[in-house]
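Data block for entry-v9.txt (compact mmCIF, C-alpha atoms):
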# COMPACT_ATOMS: atom_id res chain seq x y z
CA MET E 1 129.36 67.74 113.76
CA ALA E 2 127.46 65.23 111.67
CA ARG E 3 125.14 64.67 114.63
CA LEU E 4 124.45 68.41 114.80
CA ALA E 5 123.81 68.67 111.06
CA LEU E 6 121.41 65.75 111.18
CA ALA E 7 119.62 67.12 114.21
CA ARG E 8 119.17 70.45 112.45
CA ARG E 9 118.02 68.86 109.24
CA PHE E 10 115.42 66.64 110.79
CA GLY E 11 114.49 68.86 113.72
CA TRP E 12 115.80 66.42 116.28
CA SER E 13 116.85 67.73 119.63
CA ALA E 14 120.60 67.59 119.68
CA ALA E 15 122.12 66.98 123.08
CA VAL E 16 123.59 70.19 124.48
CA ARG E 17 127.32 70.02 124.09
CA PRO E 18 129.46 71.70 126.73
CA ASP E 19 131.26 74.93 125.83
CA GLU E 20 134.66 73.27 126.22
CA GLU E 21 133.83 70.66 123.59
CA LEU E 22 132.68 73.32 121.14
CA ILE E 23 135.81 75.37 121.81
CA ALA E 24 138.00 72.35 121.09
CA ASP E 25 136.15 71.78 117.81
CA ALA E 26 136.42 75.46 116.89
CA LEU E 27 140.15 75.39 117.57
CA GLY E 28 140.33 72.33 115.34
CA GLY E 29 138.98 74.45 112.50
CA GLN E 30 135.26 73.69 112.72
CA THR E 31 133.74 77.14 112.39
CA GLU E 32 130.25 75.73 112.90
CA ALA E 33 131.19 74.86 116.47
CA PHE E 34 132.00 78.51 117.13
CA SER E 35 128.70 79.53 115.52
CA GLU E 36 126.88 77.31 117.97
CA LEU E 37 128.90 78.72 120.83
CA SER E 38 128.15 82.31 119.82
CA SER E 39 124.44 81.71 119.32
CA ARG E 40 124.35 80.16 122.79
CA HIS E 41 125.96 83.22 124.41
CA ARG E 42 124.60 85.92 122.10
CA PRO E 43 121.50 86.93 124.14
CA ARG E 44 123.57 87.58 127.26
CA VAL E 45 126.26 89.39 125.31
CA GLU E 46 123.76 91.64 123.54
CA ARG E 47 121.99 92.35 126.81
CA LEU E 48 125.28 93.41 128.39
CA CYS E 49 126.00 95.72 125.45
CA GLN E 50 122.52 97.21 125.86
CA ARG E 51 123.39 98.19 129.39
CA PHE E 52 125.97 100.54 127.89
CA PHE E 53 124.26 101.68 124.69
CA SER E 54 120.59 102.45 124.14
CA ASP E 55 120.81 102.05 120.36
CA GLN E 56 120.12 98.39 119.69
CA GLU E 57 121.97 98.45 116.38
CA ILE E 58 125.12 99.66 118.12
CA ALA E 59 124.67 97.03 120.81
CA ARG E 60 124.36 94.31 118.17
CA ASP E 61 127.43 95.59 116.29
CA LEU E 62 129.48 95.62 119.47
CA ALA E 63 128.33 92.13 120.33
CA GLN E 64 129.44 91.01 116.89
CA GLU E 65 132.79 92.73 117.32
CA ALA E 66 133.23 90.99 120.67
CA PHE E 67 132.55 87.59 119.08
CA LEU E 68 135.09 88.29 116.34
CA LYS E 69 137.68 89.20 118.95
CA ALA E 70 136.81 86.10 120.94
CA TYR E 71 137.25 83.93 117.85
CA ALA E 72 140.61 85.52 117.08
CA ALA E 73 141.77 85.01 120.67
CA LEU E 74 140.21 81.60 121.20
CA SER E 75 143.59 79.87 121.41
CA THR E 76 144.39 81.97 124.52
CA TYR E 77 141.29 80.72 126.37
CA ARG E 78 142.09 78.55 129.38
CA ALA E 79 139.48 76.22 130.81
CA GLU E 80 140.09 77.30 134.44
CA MET E 81 137.63 80.13 133.78
CA PRO E 82 134.10 79.56 132.46
CA PHE E 83 133.81 80.58 128.82
CA GLY E 84 130.98 83.00 129.66
CA ALA E 85 133.18 84.92 132.08
CA TRP E 86 136.06 85.02 129.58
CA LEU E 87 133.70 86.29 126.90
CA ARG E 88 132.23 88.87 129.26
CA ALA E 89 135.68 90.35 129.83
CA ILE E 90 136.05 90.78 126.06
CA VAL E 91 132.59 92.34 125.74
CA VAL E 92 133.29 94.73 128.60
CA ASN E 93 136.54 95.86 126.99
CA VAL E 94 134.86 96.36 123.62
CA CYS E 95 132.10 98.44 125.23
CA TYR E 96 134.58 100.38 127.37
CA ASP E 97 136.63 101.29 124.31
CA GLU E 98 133.48 102.45 122.54
CA LEU E 99 132.38 104.52 125.54
CA ARG E 100 135.76 106.20 125.69
CA ARG E 101 135.77 106.76 121.96
CA ARG E 102 132.49 108.64 122.21
CA LYS E 103 133.58 110.83 125.15
CA ARG E 104 130.31 112.54 125.90
CA ARG E 105 130.23 115.60 128.05
CA PRO E 106 127.93 115.60 131.08
CA GLU E 107 126.47 119.06 130.44
CA GLU E 108 124.98 118.06 127.10
CA LEU E 109 123.08 115.17 128.60
CA VAL E 110 120.50 116.37 131.08
CA GLY E 111 118.48 118.53 128.77
CA ASP E 112 115.41 118.02 126.70
CA PHE E 113 112.91 115.37 127.57
CA SER E 114 110.19 113.94 125.42
CA GLU E 115 106.59 113.91 126.63
CA PRO E 116 106.67 110.19 127.46
CA GLU E 117 109.91 110.71 129.40
CA LEU E 118 108.32 113.53 131.40
CA GLY E 119 105.37 111.23 132.05
CA TRP E 120 107.71 108.54 133.33
CA MET E 121 109.49 111.05 135.59
CA GLN E 122 106.17 112.08 137.07
CA LEU E 123 105.33 108.47 137.66
CA VAL E 124 108.67 107.90 139.38
CA SER E 125 107.81 110.76 141.74
CA THR E 126 104.29 109.65 142.56
CA ALA E 127 103.59 105.96 141.87
CA THR E 128 103.83 103.15 144.39
CA PRO E 129 106.88 100.84 144.20
CA GLU E 130 104.79 98.00 142.71
CA GLU E 131 103.36 100.31 140.05
CA LEU E 132 106.84 101.50 139.14
CA VAL E 133 108.12 97.97 138.54
CA ALA E 134 105.08 97.05 136.45
CA GLU E 135 105.13 100.26 134.41
CA ALA E 136 108.87 100.15 133.72
CA GLU E 137 108.43 96.84 131.94
CA GLU E 138 105.94 98.36 129.53
CA ARG E 139 107.47 101.73 128.91
CA ARG E 140 110.33 102.18 126.49
CA GLU E 141 110.88 105.71 127.82
CA SER E 142 111.94 104.33 131.19
CA HIS E 143 114.91 102.75 129.40
CA ASP E 144 115.61 105.84 127.31
CA LEU E 145 115.64 108.05 130.38
CA ALA E 146 117.86 105.61 132.27
CA HIS E 147 120.33 105.68 129.39
CA LYS E 148 120.24 109.50 129.35
CA LEU E 149 121.09 109.51 133.02
CA LEU E 150 123.85 106.92 132.69
CA ASP E 151 125.30 108.76 129.70
CA SER E 152 126.12 111.58 132.09
CA LEU E 153 128.69 109.39 133.83
CA LYS E 154 132.32 109.01 132.87
CA PRO E 155 133.04 105.74 131.05
CA GLU E 156 134.97 104.36 134.04
CA ASP E 157 132.12 105.17 136.44
CA ARG E 158 129.51 103.65 134.20
CA MET E 159 131.62 100.57 133.71
CA VAL E 160 132.01 100.02 137.45
CA LEU E 161 128.31 100.48 138.14
CA VAL E 162 127.24 98.10 135.38
CA LEU E 163 129.68 95.42 136.49
CA LYS E 164 128.95 95.81 140.18
CA ASP E 165 125.21 96.43 140.26
CA SER E 166 123.98 94.79 137.12
CA GLU E 167 126.40 91.91 136.58
CA ASP E 168 126.83 91.37 140.33
CA LEU E 169 130.62 91.15 140.11
CA GLY E 170 132.82 91.59 143.17
CA VAL E 171 135.42 94.30 143.60
CA ALA E 172 138.29 91.84 143.03
CA GLU E 173 136.74 90.53 139.79
CA ILE E 174 136.21 94.05 138.45
CA ALA E 175 139.74 95.03 139.41
CA GLU E 176 141.16 92.06 137.53
CA MET E 177 138.96 92.63 134.50
CA MET E 178 139.76 96.32 134.19
CA GLY E 179 143.39 96.09 135.28
CA TRP E 180 142.75 98.47 138.19
CA SER E 181 143.54 98.21 141.89
CA GLU E 182 140.72 97.18 144.21
CA ALA E 183 140.94 100.56 145.92
CA LYS E 184 140.37 102.27 142.61
CA VAL E 185 137.29 100.16 141.95
CA LYS E 186 135.84 101.04 145.36
CA ILE E 187 136.53 104.75 144.95
CA ARG E 188 135.12 104.75 141.42
CA ALA E 189 131.96 103.00 142.56
CA PHE E 190 131.48 105.40 145.44
CA ARG E 191 132.01 108.47 143.28
CA ALA E 192 129.87 107.08 140.48
CA ARG E 193 126.94 106.63 142.86
CA GLN E 194 127.35 110.16 144.15
CA VAL E 195 127.40 111.60 140.65
CA LEU E 196 124.47 109.47 139.60
CA ARG E 197 122.38 110.61 142.56
CA LYS E 198 123.15 114.27 141.85
CA GLN E 199 122.36 113.86 138.16
CA ALA E 200 119.12 112.05 138.97
CA GLU E 201 118.07 114.86 141.29
CA ARG E 202 118.95 117.43 138.63
CA MET E 203 117.00 115.46 136.08
CA MET E 204 113.96 115.17 138.29
CA SER E 205 113.95 118.88 139.14
CA ALA E 206 114.39 119.76 135.45
CA GLY E 207 111.47 117.48 134.66
CA ARG E 208 109.32 119.08 137.36
CA ALA E 209 110.18 122.53 135.99
CA ARG E 210 109.17 121.46 132.48
CA VAL E 211 105.88 120.06 133.70
CA ALA E 212 105.15 123.21 135.72
CA ARG E 213 105.66 125.44 132.63
CA MET R 214 112.77 95.79 158.30
CA ASN R 215 115.36 98.50 158.86
CA CYS R 216 116.79 100.95 156.32
CA PHE R 217 119.89 98.83 155.63
CA GLU R 218 117.81 95.74 154.91
CA ALA R 219 115.40 97.71 152.75
CA ARG R 220 118.22 99.08 150.59
CA GLN R 221 119.71 95.62 150.23
CA ASP R 222 116.36 94.54 148.79
CA PHE R 223 115.99 97.23 146.10
CA LYS R 224 117.40 94.96 143.42
CA SER R 225 115.47 91.85 144.45
CA PHE R 226 112.23 93.81 144.65
CA TRP R 227 112.76 95.19 141.16
CA ARG R 228 113.56 91.72 139.82
CA LYS R 229 110.50 90.30 141.63
CA GLU R 230 112.64 87.88 143.60
CA LEU R 231 111.25 88.66 147.06
CA ASP R 232 108.77 86.30 148.68
CA ALA R 233 105.35 87.71 149.58
CA GLY R 234 106.16 88.39 153.23
CA ARG R 235 109.44 90.11 152.53
CA GLN R 236 107.85 92.17 149.76
CA GLN R 237 105.11 93.33 152.10
CA ALA R 238 107.68 94.35 154.71
CA PHE R 239 109.69 96.16 152.04
CA VAL R 240 106.71 98.16 150.78
CA ALA R 241 105.64 98.97 154.33
CA HIS R 242 109.13 100.23 155.16
CA LEU R 243 109.22 102.51 152.11
CA ALA R 244 105.78 103.87 152.98
CA GLY R 245 107.05 104.91 156.41
CA CYS R 246 110.61 106.02 155.53
CA PRO R 247 110.92 109.04 153.24
CA LYS R 248 114.71 108.59 152.91
CA CYS R 249 114.47 105.02 151.65
CA ASP R 250 111.49 105.94 149.49
CA GLY R 251 113.51 108.73 147.84
CA ALA R 252 116.50 106.40 147.37
CA PHE R 253 114.26 103.80 145.77
CA ARG R 254 112.85 106.36 143.33
CA ILE R 255 116.37 107.32 142.27
CA PHE R 256 117.19 103.63 141.96
CA ALA R 257 114.07 103.26 139.75
CA LEU R 258 115.49 105.76 137.26
CA THR R 259 118.38 103.49 136.30
CA ALA R 260 116.88 100.09 137.17
CA PRO R 261 115.25 99.60 133.75
CA VAL R 262 118.75 99.42 132.24
CA PHE R 263 120.59 97.74 135.10
CA HIS R 264 118.04 95.24 136.29
CA SER R 265 115.69 94.38 133.43
CA ASP R 266 116.33 91.47 131.11
CA VAL R 267 114.28 92.69 128.19
CA GLU R 268 113.87 96.18 126.83
CA PRO R 269 110.37 97.02 125.59
CA ALA R 270 110.09 97.88 121.91
CA ARG R 271 110.06 101.47 120.82
CA GLN R 272 106.71 103.25 120.85
CA GLU R 273 106.43 103.68 117.08
CA LEU R 274 106.96 99.97 116.68
CA VAL R 275 104.25 99.22 119.20
CA ALA R 276 101.95 101.67 117.41
CA ARG R 277 102.58 100.02 114.04
CA ARG R 278 101.95 96.62 115.54
CA GLY R 279 98.72 97.90 117.06
CA ALA R 280 97.63 99.39 113.72
CA ALA R 281 98.40 96.13 111.93
CA SER R 282 96.41 94.23 114.49
CA ALA R 283 93.50 96.69 114.21
CA ARG R 284 93.46 96.26 110.43
CA GLY R 285 92.72 92.63 111.08
CA ASP R 286 95.81 90.98 109.71
CA GLY R 287 96.02 88.99 112.89
CA GLY R 288 98.51 91.32 114.48
CA ALA R 289 101.20 89.48 112.61
CA TYR R 290 103.15 92.62 112.03
CA ARG R 291 106.37 92.04 110.26
CA GLU R 292 109.44 94.17 110.48
CA ARG R 293 109.88 94.28 106.72
CA ARG R 294 109.33 97.64 105.10
CA HIS R 295 107.38 97.70 101.86
CA ALA R 296 108.18 100.28 99.21
CA PRO R 297 105.22 102.41 98.18
CA VAL R 298 103.39 101.30 95.01
CA TRP R 299 104.24 104.47 93.04
CA LEU R 300 107.91 103.89 93.73
CA SER R 301 107.72 100.34 92.37
CA ILE R 302 105.93 101.53 89.22
CA ALA R 303 108.41 104.39 88.65
CA ALA R 304 111.32 102.00 89.12
CA SER R 305 109.82 99.55 86.62
CA VAL R 306 109.29 102.29 84.01
CA ALA R 307 112.81 103.63 84.49
CA LEU R 308 114.22 100.14 84.16
CA PHE R 309 112.25 99.53 80.95
CA ILE R 310 113.38 102.81 79.35
CA THR R 311 116.99 102.16 80.26
CA GLY R 312 116.87 98.63 78.87
CA ALA R 313 115.16 99.67 75.66
CA SER R 314 117.64 102.49 75.06
CA ALA R 315 120.57 100.20 75.69
CA ALA R 316 119.18 97.61 73.28
CA TYR R 317 118.50 100.22 70.58
CA PHE R 318 121.95 101.77 70.67
CA SER R 319 123.84 98.54 71.01
CA VAL R 320 122.59 97.10 67.66
CA GLU R 321 125.05 97.95 64.88
CA THR R 322 123.38 98.73 61.54
CA PRO R 323 125.38 97.77 58.41
CA ASP R 324 127.15 100.65 56.72
CA GLU R 325 125.89 99.68 53.27
CA THR R 326 122.81 98.04 51.87
CA LEU R 327 122.90 94.59 50.32
CA SER R 328 122.62 95.86 46.75
CA GLU R 329 125.51 98.30 47.32
CA ALA R 330 127.60 95.44 48.60
CA ILE R 331 126.85 93.32 45.51
CA HIS R 332 127.60 96.04 43.01
CA GLN R 333 130.73 97.30 44.68
CA PRO R 334 133.86 96.09 42.83
CA SER R 335 135.80 93.68 44.90
CA GLN R 336 139.27 94.44 46.17
CA PHE R 337 140.56 91.42 44.23
CA ALA R 338 139.32 92.88 40.91
CA GLU R 339 141.00 96.20 41.70
CA VAL R 340 144.33 94.49 42.40
CA VAL R 341 144.14 92.41 39.25
CA SER R 342 143.21 95.34 37.05
CA ALA R 343 145.99 97.52 38.45
CA ASP R 344 148.81 94.97 38.15
CA PHE R 345 147.74 93.13 35.04
CA PRO R 346 146.06 95.57 32.64
CA GLU R 347 146.22 92.94 29.91
CA ALA R 348 144.13 90.60 31.96
CA ASN R 349 141.28 93.00 31.72
CA SER R 350 141.27 92.60 27.97
CA ASP R 351 141.03 88.84 28.36
CA PHE R 352 137.85 89.33 30.24
CA GLY R 353 136.63 91.76 27.64
CA GLN R 354 136.99 94.88 29.77

As structure tokens:
Amino acid sequence: MARLALARRFGWSAAVRPDEELIADALGGQTEAFSELSSRHRPRVERLCQRFFSDQEIARDLAQEAFLKAYAALSTYRAEMPFGAWLRAIVVNVCYDELRRRKRRPEELVGDFSEPELGWMQLVSTATPEELVAEAEERRESHDLAHKLLDSLKPEDRMVLVLKDSEDLGVAEIAEMMGWSEAKVKIRAFRARQVLRKQAERMMSAGRARVAR
Amino acid sequence: MNCFEARQDFKSFWRKELDAGRQQAFVAHLAGCPKCDGAFRIFALTAPVFHSDVEPARQELVARRGAASARGDGGAYRERRHAPVWLSIAASVALFITGASAAYFSVETPDETLSEAIHQPSQFAEVVSADFPEANSDFGQ
């Protein structure tokens, strides 16, 4: 702890301490150790929250809530699992609860599009694959539209797709995390993809109709 | 590259993880396969959320940054919001009036002037004169 304080004070590069060491210190009552742990994992946690919620304030709040829960439950952490994976399970549950709390209805989602969103839809229809990748990095509307589309899914479906496609988790891992059977995860993923494809087609045809008007 | 391989590569292509040869084969396959091309375009609708590490800033933020940079302040746009000048002035005036009023009404003025206080008979004299009338004569009253 003194080494860390000195390193901070004089700008020295403190040796990176393993998560387990910080957890032990945090459990011993050193809150600064948990602060270091949370700042280490915060970017990944916030990014995961942003895959569920487009509003960055909400994503930050949920990340904070997840860290508070992690701190409260730190004594239950077992070192057989990497801390990042344990934390991810908490984040996923916090986001899942929030998604369910909001309970959006699909029909209210595919509706109005802003001009930049229509422009992005047109680009998705016409640009080359390389152009799409390059443009998506620059355009905020590509994210907004993606969130609109994902908002049309049920919380369970969205959860499965994020964990499977974005976090690259296996069926067994998702099943354990969500407390579902593996069969349920597979069925959910299959149905979610079907719904997503239909919604994407609806969205694209609605966009084309708007542009044609 | 067949359709199965191409679809396996959607994610890697988006994340720019394919080597040059594989990328070329991927693009060539999409150009010749309308089904995979359509699937990739649907994939592209959600990929910005699923497969990007950083979200670009909102447009208005970019515009403000651009304006700041065009004004010549080095593009060092800060997120802080400054209150308009008129609001600062109005707040200062309101604060001054409130403070002055509070100061004015909080000062207690004496009920009587100094000369009234001197010439007012003391309570002691009243007590003495009431209980001992003869004492008054001693003092020539």

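Atom pair atom CA of R:Ala219 / atom CA of R:His242: separated by 7.2 Å.
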
- Message: Measuring between only C-alpha atoms, which one of R:Trp299, R:Ala238, R:Lys224, R:Ala316 shows the shortest distance to chain E?
- Response: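 Closest to chain E of all the choices is R:Lys224.
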
Could you make a table, as JSON lines, of the residues of chain R that have an atom within 9 Å of an atom of chain E, each with its nearest atom pair and distance in Å to one decimal, counting only C-alpha atoms, in chain and number order?
{"residue": "R:Lys224", "atom": "CA", "partner": "E:Asp165", "partner_atom": "CA", "distance": 8.6}
{"residue": "R:Phe226", "atom": "CA", "partner": "E:Val133", "partner_atom": "CA", "distance": 8.5}
{"residue": "R:Trp227", "atom": "CA", "partner": "E:Val133", "partner_atom": "CA", "distance": 6.0}
{"residue": "R:Arg228", "atom": "CA", "partner": "E:Val133", "partner_atom": "CA", "distance": 8.4}
{"residue": "R:Lys229", "atom": "CA", "partner": "E:Val133", "partner_atom": "CA", "distance": 8.6}
{"residue": "R:Val240", "atom": "CA", "partner": "E:Pro129", "partner_atom": "CA", "distance": 7.1}
{"residue": "R:Leu243", "atom": "CA", "partner": "E:Pro129", "partner_atom": "CA", "distance": 8.4}
{"residue": "R:Ala244", "atom": "CA", "partner": "E:Thr128", "partner_atom": "CA", "distance": 8.8}
{"residue": "R:Asp250", "atom": "CA", "partner": "E:Pro129", "partner_atom": "CA", "distance": 8.7}
{"residue": "R:Gly251", "atom": "CA", "partner": "E:Ser125", "partner_atom": "CA", "distance": 8.6}
{"residue": "R:Ala252", "atom": "CA", "partner": "E:Arg197", "partner_atom": "CA", "distance": 8.7}
{"residue": "R:Phe253", "atom": "CA", "partner": "E:Pro129", "partner_atom": "CA", "distance": 8.1}
{"residue": "R:Arg254", "atom": "CA", "partner": "E:Val124", "partner_atom": "CA", "distance": 6.0}
{"residue": "R:Ile255", "atom": "CA", "partner": "E:Ala200", "partner_atom": "CA", "distance": 6.4}
{"residue": "R:Phe256", "atom": "CA", "partner": "E:Arg197", "partner_atom": "CA", "distance": 8.7}
{"residue": "R:Ala257", "atom": "CA", "partner": "E:Val124", "partner_atom": "CA", "distance": 7.1}
{"residue": "R:Leu258", "atom": "CA", "partner": "E:Ala146", "partner_atom": "CA", "distance": 5.5}
{"residue": "R:Thr259", "atom": "CA", "partner": "E:Ala146", "partner_atom": "CA", "distance": 4.6}
{"residue": "R:Ala260", "atom": "CA", "partner": "E:Ala146", "partner_atom": "CA", "distance": 7.4}
{"residue": "R:Pro261", "atom": "CA", "partner": "E:His143", "partner_atom": "CA", "distance": 5.4}
{"residue": "R:Val262", "atom": "CA", "partner": "E:Arg51", "partner_atom": "CA", "distance": 5.6}
{"residue": "R:Phe263", "atom": "CA", "partner": "E:Ser166", "partner_atom": "CA", "distance": 4.9}
{"residue": "R:His264", "atom": "CA", "partner": "E:Ser166", "partner_atom": "CA", "distance": 6.0}
{"residue": "R:Ser265", "atom": "CA", "partner": "E:Glu137", "partner_atom": "CA", "distance": 7.8}
{"residue": "R:Asp266", "atom": "CA", "partner": "E:Arg47", "partner_atom": "CA", "distance": 7.2}
{"residue": "R:Val267", "atom": "CA", "partner": "E:Arg47", "partner_atom": "CA", "distance": 7.8}
{"residue": "R:Glu268", "atom": "CA", "partner": "E:Arg140", "partner_atom": "CA", "distance": 7.0}
{"residue": "R:Pro269", "atom": "CA", "partner": "E:Arg140", "partner_atom": "CA", "distance": 5.2}
{"residue": "R:Ala270", "atom": "CA", "partner": "E:Arg140", "partner_atom": "CA", "distance": 6.3}
{"residue": "R:Arg271", "atom": "CA", "partner": "E:Arg140", "partner_atom": "CA", "distance": 5.7}
{"residue": "R:Gln272", "atom": "CA", "partner": "E:Arg140", "partner_atom": "CA", "distance": 6.8}

- Between E:Asp19, E:Val45, E:Ser152, E:Ala26, single out the one closest to E:Ala72, counting all atoms listed in the file.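 Among E:Asp19, E:Val45, E:Ser152, E:Ala26, it is E:Ala26 that comes nearest to E:Ala72.
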
- Message: What's the separation between atom CA of E:Arg42 and atom CA of E:Phe83, in Å to one decimal place?
- Response: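 These two atoms are separated by 12.6 Å.
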
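The space between atom CA of E:Ala206 and atom CA of E:Gln122 spans 11.4 Å.
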